[in-house]
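Colleague: This is the structure I have questions about; it appears just below.
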Amino acid sequence: MPIEIHKGLMEHSSAGLPKQLKILFLTNRSPYPIKDGQTRRTYNILKGLASRHEVHLLSLCETPSEAEIENVEHLKGFCQQVKLVPAPPKTLSLAMVTRLLRSLLSSDPYTIWRHYSREYARQVRIWVSATSFDVVHCDILPMVYCVRGLRGLFRTLTDHDVSYLKTKRLAEQIRNPPLKLFLYFEAMKLKRLESRIFSELDLGVVVSELDRQHFKRLCPGGRFAVVKNGVDVRAFVQDPNVVEPNALAWVGGFHHSPNDEAVKYFIEEIYPSIRQVRAEVILYIVGGGVPNWLNDLAKGDSSIILTGYVDDPLPYIQRAAVFVAPILSGGGTKLKVLEAMAVGKAIVSTSIGVEGIEGEDQEHFMVADNPEVFSSRVVSLLNDHDLRERLGANARKRAMEQYDWEAIQETMSKLYQTAKKQSDYVV
């Protein structure tokens, strides 16, 4: 359900223009350089808000590259203030084990403890005391520990996916019994957190209408607005001259476990059937953190091309005749799929891969939830140029109409201008 914006509630300057807000923007990773779907969304929302308002960025910093001078200066080019605080280490260590054990004894899920920084929470309090912010934007669920204790401020939380549902789906796919048990326990605690936190804060921002419906059932007292994931439709464009008629493409880094799971599923259960029919097929796998099992497999199979991490996945998406998204778990809308739609690619995906995207099976993409159907649909697209063109054109048109970052940035700005007081927000 769309939000209703009441123009009469808008704050205006003497010139009659919407008031510029002061926004404190909190996130768990620096949004630049862009590395994946999360940072791509965060960067675009941040930049869109900063082009219209005064934005102060306070972020955890996970890697040395995030803190390099040129990257910080890039962010300072549009943010009023930028500060990066070192994130807790993610490698196996005594500190990490301690966090895990503390989470088991806590009502908070591990995702909170994994990102908990006493210094970061202290910096939030200092910044809030020093500046009269109109909005505190918490960009992702794990950082909510910084804002739930604040009072007298308009606090928002963006949930990039329904976290408990994503974790539950992952638990269902995992075969390791101790890990499966831990993930089910984590999903239970995430569900409890998500069922309560949105009634404590002023506004929940979600990425799709489907997610909004999930959250309204989970937290009936919460207030929610949909601000979609998007794509730069002016950058992600078609190039018919580089399309390779036998090429498939996947995009997604392997640090995210649903991506590892998806590629393994595709290679073990789908790809062999495709090769039986189209022996000349090749598969581009674009993403960093390639696991050993996949490196070993690719050494003996010249049809599997591993690119590793790339700054720009566009050239590989453009090359593909068919883009594949065999995703079995996770949540939220997948930016990789939106990018392939913008490039005008024929897409074969599981239902989860296109979850939350406004499109129809066999009109904007093809949906396949078992290996046999998935492989047959890929083969049919490889064999039918006209079908590929039709699906790709429809996908591109839908991306331009519904998922253009510029329009989404404007939606986010207007949302904060009109709904920064709880009484002004209407669903």
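Letters A, B, ... mark the chains of the structure tokens in the order given; residue numbers begin at 1 per chain; ligand numbers begin at 1, in order shown.
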Quick one: residues within 12 Å of A:Ala407, only C-alpha atoms counted, chain neighbours fewer than 2 positions away excluded, as a list in words?

Modeller: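 Contacts, in chain order: Asn44, Ile45, Gly48, Leu49, Val227, Lys228, Asn229, Gly230, Val231, Asp232, Val233, Ala399, Met400, Glu401, Gln402, Tyr403, Asp404, Trp405, Gln409, Glu410, Thr411, Met412, Ser413 and Lys414 of chain A.
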
Colleague: Can you pull out the residues contacting A:Gly332? Cut-off 10 Å, using only C-alpha atoms, and skip same-chain residues under 6 positions away; I want them as an MDAnalysis selection string.

Modeller: chainID A and resid 159:163 165:166 206:208 210:211 228:229 352:357

Colleague: Identify all residues of stretch 254-289 of chain A in helix (DSSP H, G or I) (DSSP on the backbone) and supply them as a VMD selection string.

Modeller: chain A and resid 257 to 277

Colleague: May I have the selected residues written with N, CA and C atoms, as a PDB file, in the first residue's frame?

Modeller:
```
ATOM      1  N   SER A 257      26.197 -15.979   2.384  1.00  0.00           N
ATOM      2  CA  SER A 257      25.984 -17.423   2.276  1.00  0.00           C
ATOM      3  C   SER A 257      24.882 -17.826   1.291  1.00  0.00           C
ATOM      4  N   PRO A 258      23.770 -17.078   1.136  1.00  0.00           N
ATOM      5  CA  PRO A 258      22.787 -17.482   0.127  1.00  0.00           C
ATOM      6  C   PRO A 258      23.345 -17.490  -1.298  1.00  0.00           C
ATOM      7  N   ASN A 259      24.383 -16.687  -1.559  1.00  0.00           N
ATOM      8  CA  ASN A 259      24.995 -16.694  -2.891  1.00  0.00           C
ATOM      9  C   ASN A 259      25.807 -17.968  -3.115  1.00  0.00           C
ATOM     10  N   ASP A 260      26.567 -18.364  -2.111  1.00  0.00           N
ATOM     11  CA  ASP A 260      27.314 -19.618  -2.198  1.00  0.00           C
ATOM     12  C   ASP A 260      26.355 -20.790  -2.415  1.00  0.00           C
ATOM     13  N   GLU A 261      25.286 -20.777  -1.662  1.00  0.00           N
ATOM     14  CA  GLU A 261      24.269 -21.826  -1.753  1.00  0.00           C
ATOM     15  C   GLU A 261      23.641 -21.855  -3.151  1.00  0.00           C
ATOM     16  N   ALA A 262      23.349 -20.668  -3.706  1.00  0.00           N
ATOM     17  CA  ALA A 262      22.704 -20.584  -5.018  1.00  0.00           C
ATOM     18  C   ALA A 262      23.595 -21.119  -6.126  1.00  0.00           C
ATOM     19  N   VAL A 263      24.869 -20.732  -6.098  1.00  0.00           N
ATOM     20  CA  VAL A 263      25.785 -21.180  -7.148  1.00  0.00           C
ATOM     21  C   VAL A 263      26.014 -22.683  -7.055  1.00  0.00           C
ATOM     22  N   LYS A 264      26.142 -23.197  -5.852  1.00  0.00           N
ATOM     23  CA  LYS A 264      26.326 -24.645  -5.678  1.00  0.00           C
ATOM     24  C   LYS A 264      25.117 -25.404  -6.219  1.00  0.00           C
ATOM     25  N   TYR A 265      23.944 -24.938  -5.892  1.00  0.00           N
ATOM     26  CA  TYR A 265      22.704 -25.541  -6.382  1.00  0.00           C
ATOM     27  C   TYR A 265      22.672 -25.529  -7.910  1.00  0.00           C
ATOM     28  N   PHE A 266      23.015 -24.395  -8.496  1.00  0.00           N
ATOM     29  CA  PHE A 266      22.964 -24.274  -9.957  1.00  0.00           C
ATOM     30  C   PHE A 266      23.965 -25.224 -10.618  1.00  0.00           C
ATOM     31  N   ILE A 267      25.189 -25.241 -10.124  1.00  0.00           N
ATOM     32  CA  ILE A 267      26.240 -26.048 -10.767  1.00  0.00           C
ATOM     33  C   ILE A 267      26.000 -27.542 -10.570  1.00  0.00           C
ATOM     34  N   GLU A 268      25.521 -27.920  -9.407  1.00  0.00           N
ATOM     35  CA  GLU A 268      25.342 -29.353  -9.140  1.00  0.00           C
ATOM     36  C   GLU A 268      24.053 -29.914  -9.716  1.00  0.00           C
ATOM     37  N   GLU A 269      22.981 -29.128  -9.727  1.00  0.00           N
ATOM     38  CA  GLU A 269      21.673 -29.690 -10.062  1.00  0.00           C
ATOM     39  C   GLU A 269      21.053 -29.155 -11.353  1.00  0.00           C
ATOM     40  N   ILE A 270      21.566 -28.058 -11.890  1.00  0.00           N
ATOM     41  CA  ILE A 270      20.951 -27.448 -13.078  1.00  0.00           C
ATOM     42  C   ILE A 270      21.896 -27.417 -14.268  1.00  0.00           C
ATOM     43  N   TYR A 271      23.099 -26.956 -14.047  1.00  0.00           N
ATOM     44  CA  TYR A 271      24.050 -26.743 -15.138  1.00  0.00           C
ATOM     45  C   TYR A 271      24.350 -28.002 -15.953  1.00  0.00           C
ATOM     46  N   PRO A 272      24.499 -29.172 -15.331  1.00  0.00           N
ATOM     47  CA  PRO A 272      24.777 -30.383 -16.142  1.00  0.00           C
ATOM     48  C   PRO A 272      23.678 -30.665 -17.168  1.00  0.00           C
ATOM     49  N   SER A 273      22.415 -30.448 -16.808  1.00  0.00           N
ATOM     50  CA  SER A 273      21.315 -30.685 -17.755  1.00  0.00           C
ATOM     51  C   SER A 273      21.359 -29.705 -18.918  1.00  0.00           C
ATOM     52  N   ILE A 274      21.750 -28.462 -18.633  1.00  0.00           N
ATOM     53  CA  ILE A 274      21.868 -27.471 -19.707  1.00  0.00           C
ATOM     54  C   ILE A 274      22.974 -27.873 -20.670  1.00  0.00           C
ATOM     55  N   ARG A 275      24.100 -28.343 -20.131  1.00  0.00           N
ATOM     56  CA  ARG A 275      25.244 -28.704 -20.979  1.00  0.00           C
ATOM     57  C   ARG A 275      24.959 -29.944 -21.819  1.00  0.00           C
ATOM     58  N   GLN A 276      24.090 -30.793 -21.342  1.00  0.00           N
ATOM     59  CA  GLN A 276      23.730 -31.956 -22.154  1.00  0.00           C
ATOM     60  C   GLN A 276      23.064 -31.543 -23.455  1.00  0.00           C
ATOM     61  N   VAL A 277      22.326 -30.450 -23.407  1.00  0.00           N
ATOM     62  CA  VAL A 277      21.604 -29.969 -24.589  1.00  0.00           C
ATOM     63  C   VAL A 277      22.422 -28.931 -25.352  1.00  0.00           C
TER      64      VAL A 277
END
```

Colleague: Quick one: of A:Ala67, A:Gln38, A:Leu24, A:Gly330, who's nearest to A:Gln173, counting only C-alpha atoms?

Modeller: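 Of the candidates, the smallest distance to A:Gln173 is held by A:Gly330.
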
Colleague: As a VMD selection string, please: every residue in stretch 159-259 of chain A that a backbone DSSP assignment puts in strand (DSSP E or B).

Modeller: chain A and resid 159 203 to 206 224 to 226 231 247 to 251

Colleague: Please measure the separation of atom CA of A:Tyr316 and atom CA of A:Leu170, giving the value in Å to one decimal.

Modeller: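 Atom-to-atom, atom CA of A:Tyr316 and atom CA of A:Leu170 are spaced 27.9 Å apart.
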
Colleague: So which residues touch stretch 84-91 of chain A within 12 Å, counting only C-alpha atoms, skipping near sequence neighbours fewer than 5 positions away, as a PDB file with C-alpha atoms, in the first residue's frame?

Modeller:
```pdb
ATOM      1  CA  PHE A  25      22.808   8.575   8.871  1.00  0.00           C
ATOM      2  CA  LEU A  26      24.009   5.418  10.673  1.00  0.00           C
ATOM      3  CA  THR A  27      25.241   2.275   8.969  1.00  0.00           C
ATOM      4  CA  ASN A  28      27.366  -0.786   9.682  1.00  0.00           C
ATOM      5  CA  ARG A  29      29.698  -0.457   6.671  1.00  0.00           C
ATOM      6  CA  SER A  30      30.963   2.490   4.719  1.00  0.00           C
ATOM      7  CA  PRO A  31      28.789   2.808   1.609  1.00  0.00           C
ATOM      8  CA  TYR A  32      31.802   3.646  -0.525  1.00  0.00           C
ATOM      9  CA  HIS A  56      25.974  13.609   8.666  1.00  0.00           C
ATOM     10  CA  LEU A  57      27.378  10.098   8.108  1.00  0.00           C
ATOM     11  CA  LEU A  58      28.585   8.012  11.052  1.00  0.00           C
ATOM     12  CA  SER A  59      29.564   4.533   9.954  1.00  0.00           C
ATOM     13  CA  LEU A  60      31.340   1.461  11.166  1.00  0.00           C
ATOM     14  CA  CYS A  61      34.319   0.571   9.001  1.00  0.00           C
ATOM     15  CA  GLU A  62      35.010  -3.103   8.226  1.00  0.00           C
ATOM     16  CA  THR A  63      38.035  -2.956   5.904  1.00  0.00           C
ATOM     17  CA  PRO A  64      41.086  -0.690   5.467  1.00  0.00           C
ATOM     18  CA  SER A  65      39.947   0.237   1.944  1.00  0.00           C
ATOM     19  CA  GLU A  66      36.839   1.919   3.347  1.00  0.00           C
ATOM     20  CA  ALA A  67      39.011   4.305   5.377  1.00  0.00           C
ATOM     21  CA  GLU A  68      41.371   5.237   2.530  1.00  0.00           C
ATOM     22  CA  ILE A  69      41.596   9.000   2.142  1.00  0.00           C
ATOM     23  CA  ASN A  71      37.100   7.091  -0.320  1.00  0.00           C
ATOM     24  CA  VAL A  72      36.412   9.269   2.724  1.00  0.00           C
ATOM     25  CA  GLU A  73      36.914  12.409   0.630  1.00  0.00           C
ATOM     26  CA  LEU A  75      31.785  10.824   0.814  1.00  0.00           C
ATOM     27  CA  LYS A  76      32.703  14.265   2.162  1.00  0.00           C
ATOM     28  CA  MET A  96      34.273 -13.078  18.264  1.00  0.00           C
ATOM     29  CA  VAL A  97      33.635 -16.231  20.311  1.00  0.00           C
ATOM     30  CA  THR A  98      32.890 -14.032  23.331  1.00  0.00           C
ATOM     31  CA  ARG A  99      30.307 -12.100  21.318  1.00  0.00           C
ATOM     32  CA  LEU A 100      28.733 -15.352  20.193  1.00  0.00           C
ATOM     33  CA  THR A 111      23.452 -10.010  14.430  1.00  0.00           C
ATOM     34  CA  ILE A 112      23.287  -7.226  17.058  1.00  0.00           C
ATOM     35  CA  TRP A 113      26.283  -8.498  19.006  1.00  0.00           C
ATOM     36  CA  ARG A 114      28.274  -9.083  15.822  1.00  0.00           C
ATOM     37  CA  HIS A 115      28.095  -5.362  15.030  1.00  0.00           C
ATOM     38  CA  TYR A 116      28.149  -4.013  18.580  1.00  0.00           C
ATOM     39  CA  SER A 117      30.714  -1.277  19.196  1.00  0.00           C
ATOM     40  CA  ARG A 118      30.748   0.617  22.481  1.00  0.00           C
ATOM     41  CA  GLU A 119      32.765   3.392  20.843  1.00  0.00           C
ATOM     42  CA  TYR A 120      30.300   3.693  17.973  1.00  0.00           C
ATOM     43  CA  ALA A 121      27.358   3.929  20.388  1.00  0.00           C
ATOM     44  CA  ARG A 122      29.292   6.600  22.318  1.00  0.00           C
ATOM     45  CA  GLN A 123      29.866   8.585  19.119  1.00  0.00           C
ATOM     46  CA  VAL A 124      26.148   8.459  18.322  1.00  0.00           C
ATOM     47  CA  MET A 143      22.666  -1.001  14.219  1.00  0.00           C
ATOM     48  CA  HIS A 255      30.781 -13.720   1.547  1.00  0.00           C
TER      49      HIS A 255
END
```

Colleague: Have a look at atom CA of A:Arg175 and atom CA of A:Pro371 and let me know their distance in Å, one decimal.

Modeller: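 Atom-to-atom, atom CA of A:Arg175 and atom CA of A:Pro371 are spaced 19.2 Å apart.
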
Colleague: Identify which of the residues A:Val367, A:Ala419, A:Met188, A:Ala321 lies closest to A:Gly392, counting only C-alpha atoms when measuring atom-to-atom distances.

Modeller: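 Nearest to A:Gly392: A:Ala321.
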
Colleague: Please identify all polymer residues within 8 Å of A:Tyr43, counting only C-alpha atoms, omitting same-chain residues fewer than 3 positions from it, and present them as number ranges by chain.

Modeller: A: 31-32, 34, 39-40, 46-47

Colleague: Store the residues picked out above in a file with C-alpha atoms, as a short mmCIF file (atom, residue, chain, number, x, y, z; two decimals), in the first residue's frame.

Modeller:
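Result went into again_27.cif, see below:
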```
data_model
loop_
_atom_site.label_atom_id
_atom_site.label_comp_id
_atom_site.auth_asym_id
_atom_site.auth_seq_id
_atom_site.Cartn_x
_atom_site.Cartn_y
_atom_site.Cartn_z
CA PRO A 31 28.79 2.81 1.61
CA TYR A 32 31.80 3.65 -0.52
CA ILE A 34 30.35 0.07 -3.49
CA THR A 39 26.36 -0.87 -0.13
CA ARG A 40 24.80 0.00 -3.49
CA LEU A 46 22.71 8.45 1.24
CA LYS A 47 23.66 10.43 -1.86
#
```

Colleague: Just the number, please: distance in Å from atom CA of A:Gln213 to atom CA of A:Thr333, one decimal.

Modeller: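 Taking atom CA of A:Gln213 as the start and atom CA of A:Thr333 as the end point, the length is 14.1 Å.
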
Colleague: Just checking: using only C-alpha atoms, which residue out of A:Leu415, A:Ile347, A:Leu150, A:Leu328 ends up closest to A:Ile174?

Modeller: A:Leu328

Colleague: Please identify all polymer residues within 8 Å of A:Gln20, counting only C-alpha atoms, omitting same-chain residues fewer than 3 positions from it, and present them as a PyMOL selection string.

Modeller: chain A and resi 52-54

Colleague: So, counting only C-alpha atoms, which residue among A:Arg388, A:Arg102, A:His137, A:Lys345 is closest to A:Ala325?

Modeller: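 For A:Ala325, the nearest of the candidates is A:Lys345.
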
Colleague: Name the residues in contact with A:Val147 at a cut-off of 9 Å, using only C-alpha atoms, excluding same-chain residues fewer than 4 positions from it; report them as a list in words.

Modeller: Ala121, Val124, Val136, Cys138, Met143, Arg151, Arg155, Thr156, Leu157 and Leu201 of chain A

Colleague: Considering only C-alpha atoms, state which residue in the set A:Asn383, A:Asn246, A:Ser302, A:Thr307 is at the smallest distance from A:Glu280.

Modeller: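 Using only C-alpha atoms, A:Glu280 sits closest to A:Asn246.
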